[in-house]
There are 2 protein chains.
Amino acid sequence: MTGEYRNTIDEKGRLMIPPKIREQLGSYTDLYLTKSTDGSLWLYTKEDFNALNREVNYGPLAVFNKKARLIDMMVISPAREVELDKTGRLSIPQILREFAGLEPKSECVILGSMSKVEIISARKYDEMMIQYKDMLSDLGDELSIQRMGQ
Amino acid sequence: MTGEYRNTIDEKGRLMIPPKIREQLGSYTDLYLTKSTDGSLWLYTKEDFNALNREVNYGPLAVFNKKARLIDMMVISPAREVELDKTGRLSIPQILREFAGLEPKSECVILGSMSKVEIISARKYDEMMIQYKDMLSDLGDELSIQRMGQ
DNA sequence: TTGTTAGTGGTAAGTTTTCCCAAAAACAAG
DNA sequence: CTTGTTTTTGGGAAAACTTACCACTAACAA
C-alpha cells in the first residue's frame, strides 16, 4: 500500500482517494479513520485497526495502565468508522478535519504505507520535509551502521 | 465503540450522547456511570461494568489486596445506574458532575473506547493533549517498532 | 403555603451530513 | 480525430442531528 498523491478537499470536506490506493484497501467499507501521533490522519482497514487496538488494549486491567490509556485516548478512541462513497471519496468528519488542519478546499497529501494510509495537509507535509531534510541523511547513516553491525 | 465528539452540557446537567455512540451502547437503559482514575467519567454497559467489577474484585484474597481495594473504592463503588432519555440525553448526577468538573453549559468531550465511553471536560482534555503531545510521538515510535517486529 | 431549585420529558426550528445523480473531464481504443 | 468508457467534480434533495426552548414534576426551604 504505497504511493504519494496530492488532492484537494472539496467544500464539503470530502477527499478523493486515488484508485491505486483504493485497490489496495480492498474494500470501500469497514474503514477506520483516526488521529495519528503527529497531526495527520491514519486510514486503516478494519483488520489492521483491530490489530492495533489489540496491541494497545490487550490484557486484563489495561484500563488502569497509564501508558496504554494515553495511547488509547489519543489514537484508538478518536477513530471513526468511515466508508468511501461510490465514486471513491472519503468524507472526513469535522472533528478529525480540524485536528489535522484540513480546511475545505485545501490541498492534502495521501501517503500509502505498510498497513495504513496517511492523510496530511500539504502545508504540514512540505514543512516537515524541509525540516527533516537534514535529519534524513543522518537516519540513513544510522541504518548503514546497523546493517554493517549485523 | 470508538469516536471523539464534543457537546455541551445543558443547563440542567444533561449531555447529548451522539447517535453513533448510542448505537454501540446497544441499549438506552442498564448503563453505569462512574468516576475514572483521572478526573473524567466512564460510561459502561451493564455487561462491561460487571466484567470490570469481576476483574477487580474476584480472584483469591482480592479483598485484602490494597490496589484492588483502592480501585474498588475509586471506580466501582461510586458507580450510578443511569439511562438515556428517548432523545439520547444522559442526565449526569450532580456528584459525578462535580467530580469531573462538568459545569452546566460547559463543553465536554465524549470518547468511545473499547468497552466504555469516556466523558471528560473539554478544558481538561485539551490541557492533557497539549501536555502529552511530545510523549505521544515517542509512544507512536514504540508502536511502530512493535508492529515491525511482529 | 409558597417559592426555589433540581430533574424530567418533549417539541420544533435550524443546521449539518449523507446519499444520489448528472455534468465535466480524462483516458483509451478504434 | 471520434467515440465510448471511466474517473472526477459539483450540487440538490432528503434524512439525520443539534440546539434552544418550554412546560411539568418533585423535593426542599422559607
# chains A, B, ... in the order shown; residues from 1 in each chain; ligands from 1

call {"tool": "residues_around", "arguments": {"residues": "Lys46 in chain B", "least_positions_apart": "4", "cutoff": "7 Å", "atoms": "only C-alpha atoms (C1' of nucleotides)", "output": "VMD selection string"}}
result
chain B and resid 30 to 32 50

call {"tool": "calpha_fit_rmsd", "arguments": {"fixed": "chain B", "moving": "chain A"}}
result
1.0 Å

call {"tool": "closest_residue", "arguments": {"among": "B:Met1, B:Arg89, B:Phe49, B:Met73", "to": "chain D", "atoms": "only C-alpha atoms (C1' of nucleotides)"}}
result
B:Arg89

call {"tool": "atom_distance", "arguments": {"atom1": "CA of Tyr125 in chain A", "atom2": "CA of Thr37 in chain A"}}
result
14.2 Å

call {"tool": "atom_distance", "arguments": {"atom1": "CA of Arg6 in chain B", "atom2": "CA of Arg22 in chain B"}}
result
14.5 Å

call {"tool": "interface_residues", "arguments": {"of": "chain A", "to": "chain B", "cutoff": "12 Å", "atoms": "only C-alpha atoms", "output": "CSV table (one decimal) with N, CA and C atoms, in the first residue's frame"}}
result
chain,number,residue,atom,x,y,z
A,32,TYR,N,-11.4,2.5,9.0
A,32,TYR,CA,-11.3,3.3,10.2
A,32,TYR,C,-10.3,4.5,10.0
A,33,LEU,N,-10.8,5.7,10.3
A,33,LEU,CA,-10.0,6.9,10.2
A,33,LEU,C,-9.8,7.5,11.6
A,34,THR,N,-8.5,7.8,11.9
A,34,THR,CA,-8.2,8.2,13.2
A,34,THR,C,-7.1,9.2,13.2
A,35,LYS,N,-6.9,9.8,14.4
A,35,LYS,CA,-5.8,10.8,14.6
A,35,LYS,C,-4.4,10.0,14.6
A,36,SER,N,-3.4,10.6,14.0
A,36,SER,CA,-2.1,10.0,14.1
A,36,SER,C,-1.4,10.6,15.3
A,37,THR,N,-0.1,10.2,15.5
A,37,THR,CA,0.6,10.7,16.6
A,37,THR,C,1.3,12.1,16.3
A,38,ASP,N,1.1,12.5,15.1
A,38,ASP,CA,1.7,13.8,14.7
A,38,ASP,C,0.9,14.8,13.8
A,39,GLY,N,-0.4,14.9,14.1
A,39,GLY,CA,-1.2,15.9,13.5
A,39,GLY,C,-1.7,15.6,12.1
A,40,SER,N,-1.6,14.3,11.7
A,40,SER,CA,-2.2,13.9,10.5
A,40,SER,C,-3.2,12.8,10.8
A,48,ASP,N,-6.6,-4.2,10.1
A,48,ASP,CA,-5.4,-3.6,10.7
A,48,ASP,C,-5.7,-2.7,11.9
A,49,PHE,N,-6.8,-2.1,11.9
A,49,PHE,CA,-7.2,-1.3,13.0
A,49,PHE,C,-7.4,-2.1,14.2
A,50,ASN,N,-8.1,-3.2,14.1
A,50,ASN,CA,-8.3,-4.1,15.2
A,50,ASN,C,-7.0,-4.7,15.7
A,51,ALA,N,-6.1,-4.9,14.9
A,51,ALA,CA,-4.8,-5.4,15.3
A,51,ALA,C,-4.1,-4.4,16.2
A,52,LEU,N,-4.2,-3.1,15.8
A,52,LEU,CA,-3.6,-2.0,16.5
A,52,LEU,C,-4.3,-1.9,17.9
A,53,ASN,N,-5.6,-2.0,17.9
A,53,ASN,CA,-6.4,-1.9,19.1
A,53,ASN,C,-6.0,-3.0,20.1
A,54,ARG,N,-5.8,-4.2,19.5
A,54,ARG,CA,-5.5,-5.3,20.4
A,54,ARG,C,-4.1,-5.1,21.1
A,55,GLU,N,-3.2,-4.5,20.3
A,55,GLU,CA,-1.9,-4.3,20.9
A,55,GLU,C,-1.9,-3.3,22.0
A,56,VAL,N,-2.8,-2.3,21.9
A,56,VAL,CA,-2.9,-1.3,22.9
A,56,VAL,C,-3.7,-1.8,24.1
A,57,ASN,N,-4.8,-2.4,23.9
A,57,ASN,CA,-5.7,-2.7,25.0
A,57,ASN,C,-5.6,-4.1,25.5
A,58,TYR,N,-4.6,-4.9,25.0
A,58,TYR,CA,-4.6,-6.3,25.4
A,58,TYR,C,-4.3,-6.4,26.9
A,59,GLY,N,-4.9,-7.4,27.4
A,59,GLY,CA,-4.6,-7.8,28.8
A,59,GLY,C,-5.6,-7.3,29.8
A,60,PRO,N,-5.8,-8.0,30.9
A,60,PRO,CA,-6.8,-7.5,31.9
A,60,PRO,C,-6.3,-6.2,32.5
A,61,LEU,N,-7.2,-5.4,32.8
A,61,LEU,CA,-6.9,-4.1,33.5
A,61,LEU,C,-5.9,-3.2,32.8
A,62,ALA,N,-5.9,-3.4,31.4
A,62,ALA,CA,-5.2,-2.4,30.6
A,62,ALA,C,-5.7,-1.0,30.9
A,63,VAL,N,-7.0,-1.0,31.3
A,63,VAL,CA,-7.6,0.3,31.5
A,63,VAL,C,-7.0,1.1,32.6
A,64,PHE,N,-6.3,0.4,33.5
A,64,PHE,CA,-5.6,1.1,34.6
A,64,PHE,C,-4.1,1.3,34.3
A,65,ASN,N,-3.7,1.0,33.1
A,65,ASN,CA,-2.3,1.2,32.7
A,65,ASN,C,-2.2,2.6,32.0
A,66,LYS,N,-1.4,3.5,32.6
A,66,LYS,CA,-1.4,4.9,32.2
A,66,LYS,C,-1.0,5.1,30.8
A,67,LYS,N,0.1,4.4,30.4
A,67,LYS,CA,0.6,4.5,29.0
A,67,LYS,C,-0.4,4.0,28.0
A,68,ALA,N,-1.0,2.8,28.3
A,68,ALA,CA,-1.9,2.2,27.4
A,68,ALA,C,-3.1,3.1,27.3
A,69,ARG,N,-3.5,3.7,28.4
A,69,ARG,CA,-4.7,4.6,28.4
A,69,ARG,C,-4.4,5.8,27.5
A,70,LEU,N,-3.2,6.3,27.6
A,70,LEU,CA,-2.9,7.5,26.8
A,70,LEU,C,-2.9,7.3,25.3
A,71,ILE,N,-2.3,6.2,24.9
A,71,ILE,CA,-2.4,5.8,23.5
A,71,ILE,C,-3.8,5.6,23.1
A,72,ASP,N,-4.5,4.9,23.9
A,72,ASP,CA,-6.0,4.7,23.6
A,72,ASP,C,-6.7,6.0,23.4
A,73,MET,N,-6.5,6.9,24.3
A,73,MET,CA,-7.2,8.2,24.2
A,73,MET,C,-6.8,9.0,23.0
A,74,MET,N,-5.6,8.9,22.6
A,74,MET,CA,-5.1,9.7,21.5
A,74,MET,C,-5.2,9.1,20.2
A,75,VAL,N,-5.1,7.8,20.1
A,75,VAL,CA,-5.1,7.2,18.8
A,75,VAL,C,-6.3,6.2,18.5
A,76,ILE,N,-6.7,5.4,19.5
A,76,ILE,CA,-7.8,4.5,19.3
A,76,ILE,C,-9.1,5.1,19.4
A,77,SER,N,-9.3,5.8,20.5
A,77,SER,CA,-10.7,6.4,20.7
A,77,SER,C,-11.2,7.3,19.7
A,78,PRO,N,-10.3,8.2,19.1
A,78,PRO,CA,-10.9,9.2,18.2
A,78,PRO,C,-11.3,8.5,16.8
A,79,ALA,N,-11.0,7.2,16.7
A,79,ALA,CA,-11.3,6.6,15.4
A,79,ALA,C,-12.7,6.6,15.0
A,80,ARG,N,-13.0,6.9,13.8
A,80,ARG,CA,-14.4,6.8,13.3
A,80,ARG,C,-14.5,5.8,12.2
A,81,GLU,N,-15.5,5.0,12.2
A,81,GLU,CA,-15.8,4.1,11.1
A,81,GLU,C,-16.3,4.9,9.9
A,82,VAL,N,-15.6,4.7,8.8
A,82,VAL,CA,-15.9,5.5,7.6
A,82,VAL,C,-16.0,4.6,6.4
A,93,PRO,N,-14.9,13.4,8.9
A,93,PRO,CA,-15.7,14.0,10.0
A,93,PRO,C,-15.0,15.3,10.4
A,94,GLN,N,-15.8,16.3,10.7
A,94,GLN,CA,-15.3,17.6,11.0
A,94,GLN,C,-14.2,17.6,12.1
A,95,ILE,N,-14.4,16.9,13.2
A,95,ILE,CA,-13.5,16.9,14.3
A,95,ILE,C,-12.1,16.4,13.9
A,96,LEU,N,-12.1,15.4,13.0
A,96,LEU,CA,-10.8,14.9,12.5
A,96,LEU,C,-10.2,15.9,11.5
A,99,PHE,N,-8.6,18.6,13.6
A,99,PHE,CA,-7.4,18.1,14.2
A,99,PHE,C,-6.2,18.1,13.2
A,113,SER,N,1.3,3.6,3.1
A,113,SER,CA,2.4,3.0,3.8
A,113,SER,C,2.0,1.6,4.2
A,114,MET,N,2.9,0.9,4.8
A,114,MET,CA,2.7,-0.6,5.0
A,114,MET,C,1.2,-1.0,5.3
A,115,SER,N,0.7,-0.7,6.4
A,115,SER,CA,-0.6,-1.2,6.7
A,115,SER,C,-1.7,-0.1,6.9
A,116,LYS,N,-1.3,1.1,6.4
A,116,LYS,CA,-2.3,2.2,6.6
A,116,LYS,C,-2.1,3.2,5.5

call {"tool": "select_by_dssp", "arguments": {"residues": "chain B", "states": "alpha helix (DSSP H)", "output": "PyMOL selection string"}}
result
chain B and resi 19-25+46-57+66-71+94-100+122-148

call {"tool": "residues_around", "arguments": {"residues": "range 20-23 of chain D", "least_positions_apart": "5", "cutoff": "10 Å", "atoms": "only C-alpha atoms (C1' of nucleotides)", "output": "PDB file with C-alpha atoms (C1' of nucleotides), in the first residue's frame"}}
result
ATOM      1  CA  ASP B  10     -27.258  21.780  29.012  1.00  0.00           C
TER       2      ASP B  10
ATOM      3  C1'  DG C   9     -39.856  15.000  29.102  1.00  0.00           C
ATOM      4  C1'  DG C  10     -40.844  16.828  24.913  1.00  0.00           C
ATOM      5  C1'  DT C  11     -41.287  19.820  20.515  1.00  0.00           C
ATOM      6  C1'  DA C  12     -39.783  22.441  16.809  1.00  0.00           C
ATOM      7  C1'  DA C  13     -36.532  25.144  14.101  1.00  0.00           C
ATOM      8  C1'  DG C  14     -32.205  25.321  12.128  1.00  0.00           C
TER       9       DG C  14
END
